[in-house]
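Enquirer: Below: one structure in C-alpha cells.
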Amino acid sequence: MEILNYAFMQRALLAAVLVGITAPAVGIYLVQRRQALMGDGIGHVAMTGVGLGFLLSWSPVWMATLISVLGAVLMELIRWYGKTRGDIALAMLFYGGMAGGVMFINLAPTGSNANLTSYLFGSLSTVSESDVTAICLLAAFVVVVTLGLRRQLFAVSQDEEFARVTGLPVRALNLLTAVTAAVTVTVAMRVVGLLLVSALMVVPVAAAQQLTRSFAATFAVAVAIGVSVTIGGTVTSYYQDVPPGATIVLLTIGAFALLTVLAAPLARRRARAVTAAQAAADPAECKIPATRGATDEVGV
C-alpha cells in the first residue's frame, strides 16, 4: 500500500492502533462509574503540560502525562472531599488547565498557537519517533492495568460499597483508574487531540453495549470498534486531507448509530427467545392439561 511507504504514516498508524486499544479499555470503567466526561476534564488539564513542555524545552507528551496524572489525582481528591463545592473546584481546575496551556505555549520561544492546535485536534504529520516511543510505553501501562486488574476495577466501578466490604482497596483502585485515564489521554492526544479524546473513550463502549450483555464481550467489541475507527479515520485523513481527530470521532458516532439500528431487531428477537424459554421451562403442574377427558376415559 502506498500509505505505508511513508515513515510518518507508519508512525501515525501505529499510534492509531494503540489509541484504539487503550481509549475504550479505560473508557469502559469510566462509563460504569458514570464518569464519562472525566477524559474531557483531564484533556483540559493536559494542555498545561503541553505548554510547559514547550516552555521548558522538554517532551510535551511526557510533561502532559505528568500534569495529567497530577490533575487526575486532584480530581479524585476533590470527588472524595469536595462535597457541595466540588463542582466549582473541578470547573476551576479544567478551565485553569486550558488557560495555563495557552499562556505557557505563547511564552515559549519555540511555541505558537499552531503547535497547540496539533495537540488539541490531532495531527498525523507531527507524530515523531520519540512520540511513538512514549505512546508505546504508556499504552503498555494502560493495557497491563485494564486487563490485569479487570475484576477489581469492575467491582469498584459497579458498587464501591460492596467492593469495600469484600476487602478491596477502593480508594487506591479509584486513584489507579484516574491515573490510567490520564495516561490514556496523553496516549491519544497526538492522533485524536485533547479536546476529542473523551469521545473515543466513551462512544465505542456505548456502541458495544447496544449488542452485548457481558462485561467481557463489551470490552472486546469496544476495543474492536476503537481500533477500526482509528485506523479508518487515519487512512481517510491521509487520502482526503481532513483532520484526523474529527474524522475518527465522526466515524465512531457513525458506528454507534449503525449498531443502535441493528440492535433493535436483535433485542426483539432476544426478548421473544427469552419468553419462549420461560414458557418451555414452566413446571408441568402449572400447565392446563389439554387431553384430560381422554386420560380419564383411559383410566376408567
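Here's how to read the names in the C-alpha cells: chain A, B, ... by the order shown, residue numbers from 1 in each chain, ligand numbers from 1 in the order shown.
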Determine, counting only C-alpha atoms, which protein, DNA and RNA residues have an atom within 8 Å of an atom of Val227 in chain A; residues of the same chain fewer than 5 positions away are not included. Present the result as a PyMOL selection string.
Expert: chain A and resi 16-21
Enquirer: Can I get the selected residues back with all heavy atoms, as a compact mmCIF listing (two decimals), in the first residue's frame?
Expert:
# COMPACT_ATOMS: atom_id res chain seq x y z
N ALA A 16 -2.32 5.14 16.08
CA ALA A 16 -3.77 5.00 15.98
C ALA A 16 -4.24 3.66 16.55
O ALA A 16 -5.25 3.59 17.27
CB ALA A 16 -4.21 5.14 14.52
N VAL A 17 -3.52 2.60 16.24
CA VAL A 17 -3.89 1.28 16.77
C VAL A 17 -3.81 1.27 18.30
O VAL A 17 -4.72 0.76 18.98
CB VAL A 17 -2.99 0.19 16.18
CG1 VAL A 17 -3.19 -1.14 16.89
CG2 VAL A 17 -3.25 0.02 14.69
N LEU A 18 -2.75 1.85 18.83
CA LEU A 18 -2.59 1.88 20.29
C LEU A 18 -3.68 2.72 20.94
O LEU A 18 -4.20 2.36 22.01
CB LEU A 18 -1.20 2.43 20.64
CG LEU A 18 -0.02 1.56 20.21
CD1 LEU A 18 1.30 2.24 20.52
CD2 LEU A 18 -0.08 0.18 20.88
N VAL A 19 -4.04 3.81 20.31
CA VAL A 19 -5.12 4.64 20.84
C VAL A 19 -6.44 3.89 20.78
O VAL A 19 -7.24 3.94 21.72
CB VAL A 19 -5.21 5.96 20.05
CG1 VAL A 19 -6.48 6.73 20.42
CG2 VAL A 19 -3.99 6.82 20.32
N GLY A 20 -6.68 3.19 19.67
CA GLY A 20 -7.91 2.43 19.53
C GLY A 20 -8.06 1.33 20.57
O GLY A 20 -9.19 0.96 20.93
N ILE A 21 -6.95 0.81 21.06
CA ILE A 21 -6.99 -0.22 22.10
C ILE A 21 -7.18 0.40 23.49
O ILE A 21 -8.03 -0.03 24.28
CB ILE A 21 -5.70 -1.07 22.08
CG1 ILE A 21 -5.63 -1.87 20.78
CG2 ILE A 21 -5.64 -2.01 23.28
CD1 ILE A 21 -4.30 -2.58 20.57
Enquirer: Pick out the residues sitting within 7 Å of range 116-124 of chain A, and hand them over as a PyMOL selection string; count only C-alpha atoms, and ignore anything fewer than 3 positions along from it in its own chain.
Expert: chain A and resi 12+112-113+127+189-196+244-245
Enquirer: Report, in Å with one decimal, the straight-line distance from CA of Val235 in chain A to CA of Thr247 in chain A.
Expert: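 Atom-to-atom, CA of Val235 in chain A and CA of Thr247 in chain A are spaced 9.8 Å apart.
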Enquirer: For range 212-226 of chain A, list every protein, DNA or RNA residue within 7 Å, evaluated using only C-alpha atoms, and leave out those in the same chain fewer than 5 positions away; present the list as a list in words.
Expert: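 That gives Gly20, Ile21, Pro24, Ala25, Ile28, Pro204 and Val205 of chain A.
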Enquirer: Only all heavy atoms, please: the residues just picked out, written as a compact mmCIF listing (two decimals), in the first residue's frame.
Expert:
# COMPACT_ATOMS: atom_id res chain seq x y z
N GLY A 20 -6.68 3.19 19.67
CA GLY A 20 -7.91 2.43 19.53
C GLY A 20 -8.06 1.33 20.57
O GLY A 20 -9.19 0.96 20.93
N ILE A 21 -6.95 0.81 21.06
CA ILE A 21 -6.99 -0.22 22.10
C ILE A 21 -7.18 0.40 23.49
O ILE A 21 -8.03 -0.03 24.28
CB ILE A 21 -5.70 -1.07 22.08
CG1 ILE A 21 -5.63 -1.87 20.78
CG2 ILE A 21 -5.64 -2.01 23.28
CD1 ILE A 21 -4.30 -2.58 20.57
N PRO A 24 -10.91 2.78 24.62
CA PRO A 24 -12.08 2.04 25.10
C PRO A 24 -11.78 1.16 26.31
O PRO A 24 -12.66 0.91 27.14
CB PRO A 24 -12.47 1.18 23.89
CG PRO A 24 -11.81 1.81 22.72
CD PRO A 24 -10.55 2.39 23.25
N ALA A 25 -10.52 0.67 26.43
CA ALA A 25 -10.17 -0.18 27.56
C ALA A 25 -10.32 0.55 28.88
O ALA A 25 -10.72 -0.03 29.89
CB ALA A 25 -8.74 -0.70 27.40
N ILE A 28 -14.43 1.92 29.40
CA ILE A 28 -15.48 1.03 29.89
C ILE A 28 -15.64 1.16 31.41
O ILE A 28 -16.76 1.08 31.94
CB ILE A 28 -15.17 -0.43 29.49
CG1 ILE A 28 -16.39 -1.31 29.77
CG2 ILE A 28 -13.93 -0.97 30.19
CD1 ILE A 28 -16.27 -2.70 29.19
N PRO A 204 -17.25 4.24 21.77
CA PRO A 204 -17.14 2.81 21.42
C PRO A 204 -17.74 1.89 22.48
O PRO A 204 -18.32 0.86 22.14
CB PRO A 204 -15.62 2.60 21.31
CG PRO A 204 -15.08 3.93 20.97
CD PRO A 204 -15.92 4.91 21.71
N VAL A 205 -17.63 2.26 23.74
CA VAL A 205 -18.23 1.46 24.81
C VAL A 205 -19.75 1.51 24.71
O VAL A 205 -20.43 0.48 24.80
CB VAL A 205 -17.76 1.96 26.19
CG1 VAL A 205 -18.43 1.17 27.30
CG2 VAL A 205 -16.25 1.87 26.31
Enquirer: Hey, what's within 12 Å of Gly96 in chain A if we count only C-alpha atoms and toss same-chain stuff fewer than 5 positions away? As an MDAnalysis selection string, please?
Expert: chainID A and resid 41:49 71 88:91 101:104
Enquirer: For the residues in that selection, give me N, CA, C and O atoms as a compact mmCIF listing (two decimals), in the first residue's frame.
Expert:
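Okay, this is what ended up in part23.txt:
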# COMPACT_ATOMS: atom_id res chain seq x y z
N GLY A 41 -12.21 16.41 31.00
CA GLY A 41 -11.59 17.25 32.02
C GLY A 41 -10.09 17.08 32.08
O GLY A 41 -9.33 18.06 32.18
N ILE A 42 -9.63 15.83 31.99
CA ILE A 42 -8.19 15.58 32.00
C ILE A 42 -7.53 16.19 30.77
O ILE A 42 -6.40 16.69 30.84
N GLY A 43 -8.23 16.16 29.65
CA GLY A 43 -7.69 16.76 28.44
C GLY A 43 -7.44 18.26 28.61
O GLY A 43 -6.44 18.79 28.11
N HIS A 44 -8.33 18.93 29.32
CA HIS A 44 -8.12 20.36 29.59
C HIS A 44 -6.87 20.57 30.45
O HIS A 44 -6.09 21.48 30.20
N VAL A 45 -6.71 19.72 31.46
CA VAL A 45 -5.55 19.85 32.34
C VAL A 45 -4.26 19.54 31.58
O VAL A 45 -3.22 20.18 31.80
N ALA A 46 -4.32 18.57 30.68
CA ALA A 46 -3.12 18.18 29.93
C ALA A 46 -2.59 19.31 29.06
O ALA A 46 -1.40 19.33 28.72
N MET A 47 -3.44 20.26 28.72
CA MET A 47 -2.98 21.39 27.92
C MET A 47 -1.88 22.17 28.63
O MET A 47 -0.95 22.67 28.00
N THR A 48 -2.00 22.27 29.96
CA THR A 48 -0.94 22.93 30.72
C THR A 48 0.37 22.17 30.58
O THR A 48 1.45 22.77 30.45
N GLY A 49 0.32 20.85 30.59
CA GLY A 49 1.52 20.04 30.42
C GLY A 49 2.15 20.25 29.06
O GLY A 49 3.38 20.34 28.94
N GLY A 71 -3.33 16.10 37.82
CA GLY A 71 -4.70 16.60 37.74
C GLY A 71 -5.73 15.53 38.04
O GLY A 71 -6.74 15.79 38.70
N ILE A 88 -17.46 23.30 41.65
CA ILE A 88 -16.80 24.58 41.40
C ILE A 88 -15.29 24.37 41.31
O ILE A 88 -14.61 24.93 40.43
N ALA A 89 -14.75 23.57 42.22
CA ALA A 89 -13.31 23.30 42.20
C ALA A 89 -12.90 22.60 40.92
O ALA A 89 -11.86 22.92 40.32
N LEU A 90 -13.71 21.65 40.46
CA LEU A 90 -13.40 20.95 39.21
C LEU A 90 -13.45 21.91 38.02
O LEU A 90 -12.62 21.84 37.12
N ALA A 91 -14.43 22.80 38.01
CA ALA A 91 -14.53 23.76 36.92
C ALA A 91 -13.28 24.65 36.86
O ALA A 91 -12.73 24.90 35.78
N GLY A 101 -2.29 26.21 29.54
CA GLY A 101 -1.68 25.70 28.32
C GLY A 101 -1.48 26.79 27.29
O GLY A 101 -0.42 26.89 26.65
N VAL A 102 -2.52 27.61 27.08
CA VAL A 102 -2.43 28.70 26.11
C VAL A 102 -1.34 29.69 26.52
O VAL A 102 -0.55 30.17 25.69
N MET A 103 -1.30 30.02 27.81
CA MET A 103 -0.33 31.00 28.30
C MET A 103 1.10 30.49 28.15
O MET A 103 1.98 31.19 27.62
N PHE A 104 1.36 29.27 28.61
CA PHE A 104 2.73 28.74 28.59
C PHE A 104 3.25 28.57 27.17
O PHE A 104 4.42 28.84 26.89
Enquirer: Just checking: using only C-alpha atoms, which residue out of A:Thr230, A:Thr166, A:Asn174, A:Thr252 ends up closest to Ala207 in chain A?
Expert: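 Checking each candidate against Ala207 in chain A, we get A:Thr252 as the closest.
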Enquirer: Write out as a list of chain:residue names which residues come within 9 Å of Ala182 in chain A when counting only C-alpha atoms, dropping same-chain ones fewer than 2 positions away.
Expert: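 Listed by chain and then number, they are A:Gly39, A:Ile42, A:Gly43, A:Ala46, A:Thr65, A:Leu66, A:Ile67, A:Ser68, A:Val69, A:Leu70, A:Gly71, A:Ala72, A:Thr177, A:Ala178, A:Val179, A:Thr180, A:Thr184, A:Val185, A:Thr186, A:Val187.
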Enquirer: Restricting it to N, CA and C atoms, dump the selection as a PDB file, in the first residue's frame.
Expert:
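File produced: again_25.pdb:
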ATOM      1  N   GLY A  39     -12.488  12.094  30.941  1.00  0.00           N
ATOM      2  CA  GLY A  39     -11.427  12.243  29.948  1.00  0.00           C
ATOM      3  C   GLY A  39     -11.379  13.648  29.384  1.00  0.00           C
ATOM      4  N   ILE A  42      -9.633  15.827  31.993  1.00  0.00           N
ATOM      5  CA  ILE A  42      -8.188  15.576  32.004  1.00  0.00           C
ATOM      6  C   ILE A  42      -7.528  16.186  30.772  1.00  0.00           C
ATOM      7  N   GLY A  43      -8.231  16.156  29.648  1.00  0.00           N
ATOM      8  CA  GLY A  43      -7.685  16.765  28.436  1.00  0.00           C
ATOM      9  C   GLY A  43      -7.443  18.256  28.608  1.00  0.00           C
ATOM     10  N   ALA A  46      -4.316  18.567  30.684  1.00  0.00           N
ATOM     11  CA  ALA A  46      -3.117  18.178  29.932  1.00  0.00           C
ATOM     12  C   ALA A  46      -2.589  19.308  29.059  1.00  0.00           C
ATOM     13  N   THR A  65       1.791  14.011  30.392  1.00  0.00           N
ATOM     14  CA  THR A  65       1.493  12.840  31.213  1.00  0.00           C
ATOM     15  C   THR A  65       1.625  13.178  32.690  1.00  0.00           C
ATOM     16  N   LEU A  66       2.714  13.843  33.059  1.00  0.00           N
ATOM     17  CA  LEU A  66       2.932  14.209  34.457  1.00  0.00           C
ATOM     18  C   LEU A  66       1.824  15.125  34.977  1.00  0.00           C
ATOM     19  N   ILE A  67       1.512  16.176  34.232  1.00  0.00           N
ATOM     20  CA  ILE A  67       0.483  17.123  34.667  1.00  0.00           C
ATOM     21  C   ILE A  67      -0.892  16.461  34.685  1.00  0.00           C
ATOM     22  N   SER A  68      -1.167  15.599  33.713  1.00  0.00           N
ATOM     23  CA  SER A  68      -2.463  14.909  33.664  1.00  0.00           C
ATOM     24  C   SER A  68      -2.647  13.989  34.864  1.00  0.00           C
ATOM     25  N   VAL A  69      -1.585  13.273  35.231  1.00  0.00           N
ATOM     26  CA  VAL A  69      -1.666  12.376  36.394  1.00  0.00           C
ATOM     27  C   VAL A  69      -1.914  13.187  37.660  1.00  0.00           C
ATOM     28  N   LEU A  70      -1.194  14.287  37.821  1.00  0.00           N
ATOM     29  CA  LEU A  70      -1.421  15.148  38.991  1.00  0.00           C
ATOM     30  C   LEU A  70      -2.847  15.690  38.993  1.00  0.00           C
ATOM     31  N   GLY A  71      -3.328  16.102  37.824  1.00  0.00           N
ATOM     32  CA  GLY A  71      -4.695  16.598  37.737  1.00  0.00           C
ATOM     33  C   GLY A  71      -5.730  15.530  38.038  1.00  0.00           C
ATOM     34  N   ALA A  72      -5.494  14.301  37.561  1.00  0.00           N
ATOM     35  CA  ALA A  72      -6.436  13.209  37.819  1.00  0.00           C
ATOM     36  C   ALA A  72      -6.493  12.869  39.305  1.00  0.00           C
ATOM     37  N   THR A 177      -7.509   4.065  38.541  1.00  0.00           N
ATOM     38  CA  THR A 177      -8.364   4.293  37.379  1.00  0.00           C
ATOM     39  C   THR A 177      -8.185   5.704  36.842  1.00  0.00           C
ATOM     40  N   ALA A 178      -8.143   6.672  37.745  1.00  0.00           N
ATOM     41  CA  ALA A 178      -7.955   8.063  37.324  1.00  0.00           C
ATOM     42  C   ALA A 178      -6.602   8.270  36.661  1.00  0.00           C
ATOM     43  N   VAL A 179      -5.556   7.680  37.238  1.00  0.00           N
ATOM     44  CA  VAL A 179      -4.214   7.806  36.667  1.00  0.00           C
ATOM     45  C   VAL A 179      -4.166   7.140  35.289  1.00  0.00           C
ATOM     46  N   THR A 180      -4.788   5.975  35.170  1.00  0.00           N
ATOM     47  CA  THR A 180      -4.809   5.275  33.881  1.00  0.00           C
ATOM     48  C   THR A 180      -5.556   6.083  32.832  1.00  0.00           C
ATOM     49  N   THR A 184      -4.047   7.578  29.356  1.00  0.00           N
ATOM     50  CA  THR A 184      -4.713   7.324  28.079  1.00  0.00           C
ATOM     51  C   THR A 184      -4.930   8.609  27.292  1.00  0.00           C
ATOM     52  N   VAL A 185      -5.265   9.681  27.989  1.00  0.00           N
ATOM     53  CA  VAL A 185      -5.459  10.971  27.319  1.00  0.00           C
ATOM     54  C   VAL A 185      -4.185  11.401  26.603  1.00  0.00           C
ATOM     55  N   THR A 186      -3.045  11.254  27.260  1.00  0.00           N
ATOM     56  CA  THR A 186      -1.787  11.660  26.630  1.00  0.00           C
ATOM     57  C   THR A 186      -1.380  10.702  25.520  1.00  0.00           C
ATOM     58  N   VAL A 187      -1.778   9.431  25.622  1.00  0.00           N
ATOM     59  CA  VAL A 187      -1.531   8.489  24.531  1.00  0.00           C
ATOM     60  C   VAL A 187      -2.286   8.924  23.276  1.00  0.00           C
TER      61      VAL A 187
END
Enquirer: For Val261 in chain A, which of A:Gln210, A:Gln152, A:Asp241, A:Gly233 is the closest residue, counting only C-alpha atoms?
Expert: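 Closest to Val261 in chain A of all the choices is A:Gln210.
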Enquirer: List the spatial neighbours of Gln35 in chain A as a PyMOL selection string - criterion: any atom at most 12 Å away, only C-alpha atoms, same-chain residues fewer than 2 positions off excluded.
Expert: chain A and resi 26-33+37-42+75-76+79+157+174+177-178+181+198+201-202
Enquirer: Between CA of Ser228 in chain A and CA of Thr260 in chain A, what is the spacing in Å?
Expert: 17.3 Å
Enquirer: Compare A:Arg150, A:Trp58, A:Leu137, A:Phe94 by their minimum atom-to-atom distance to Ala108 in chain A, counting only C-alpha atoms, and give me the closest one.
Expert: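 Ranking A:Arg150, A:Trp58, A:Leu137, A:Phe94 by distance to Ala108 in chain A, first place goes to A:Trp58.
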Enquirer: So the first atom is CA of Pro60 in chain A and the second is CA of Asn115 in chain A; what is the distance between them in Å, to one decimal place?
Expert: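 According to the coordinates, CA of Pro60 in chain A and CA of Asn115 in chain A are separated by 10.5 Å.
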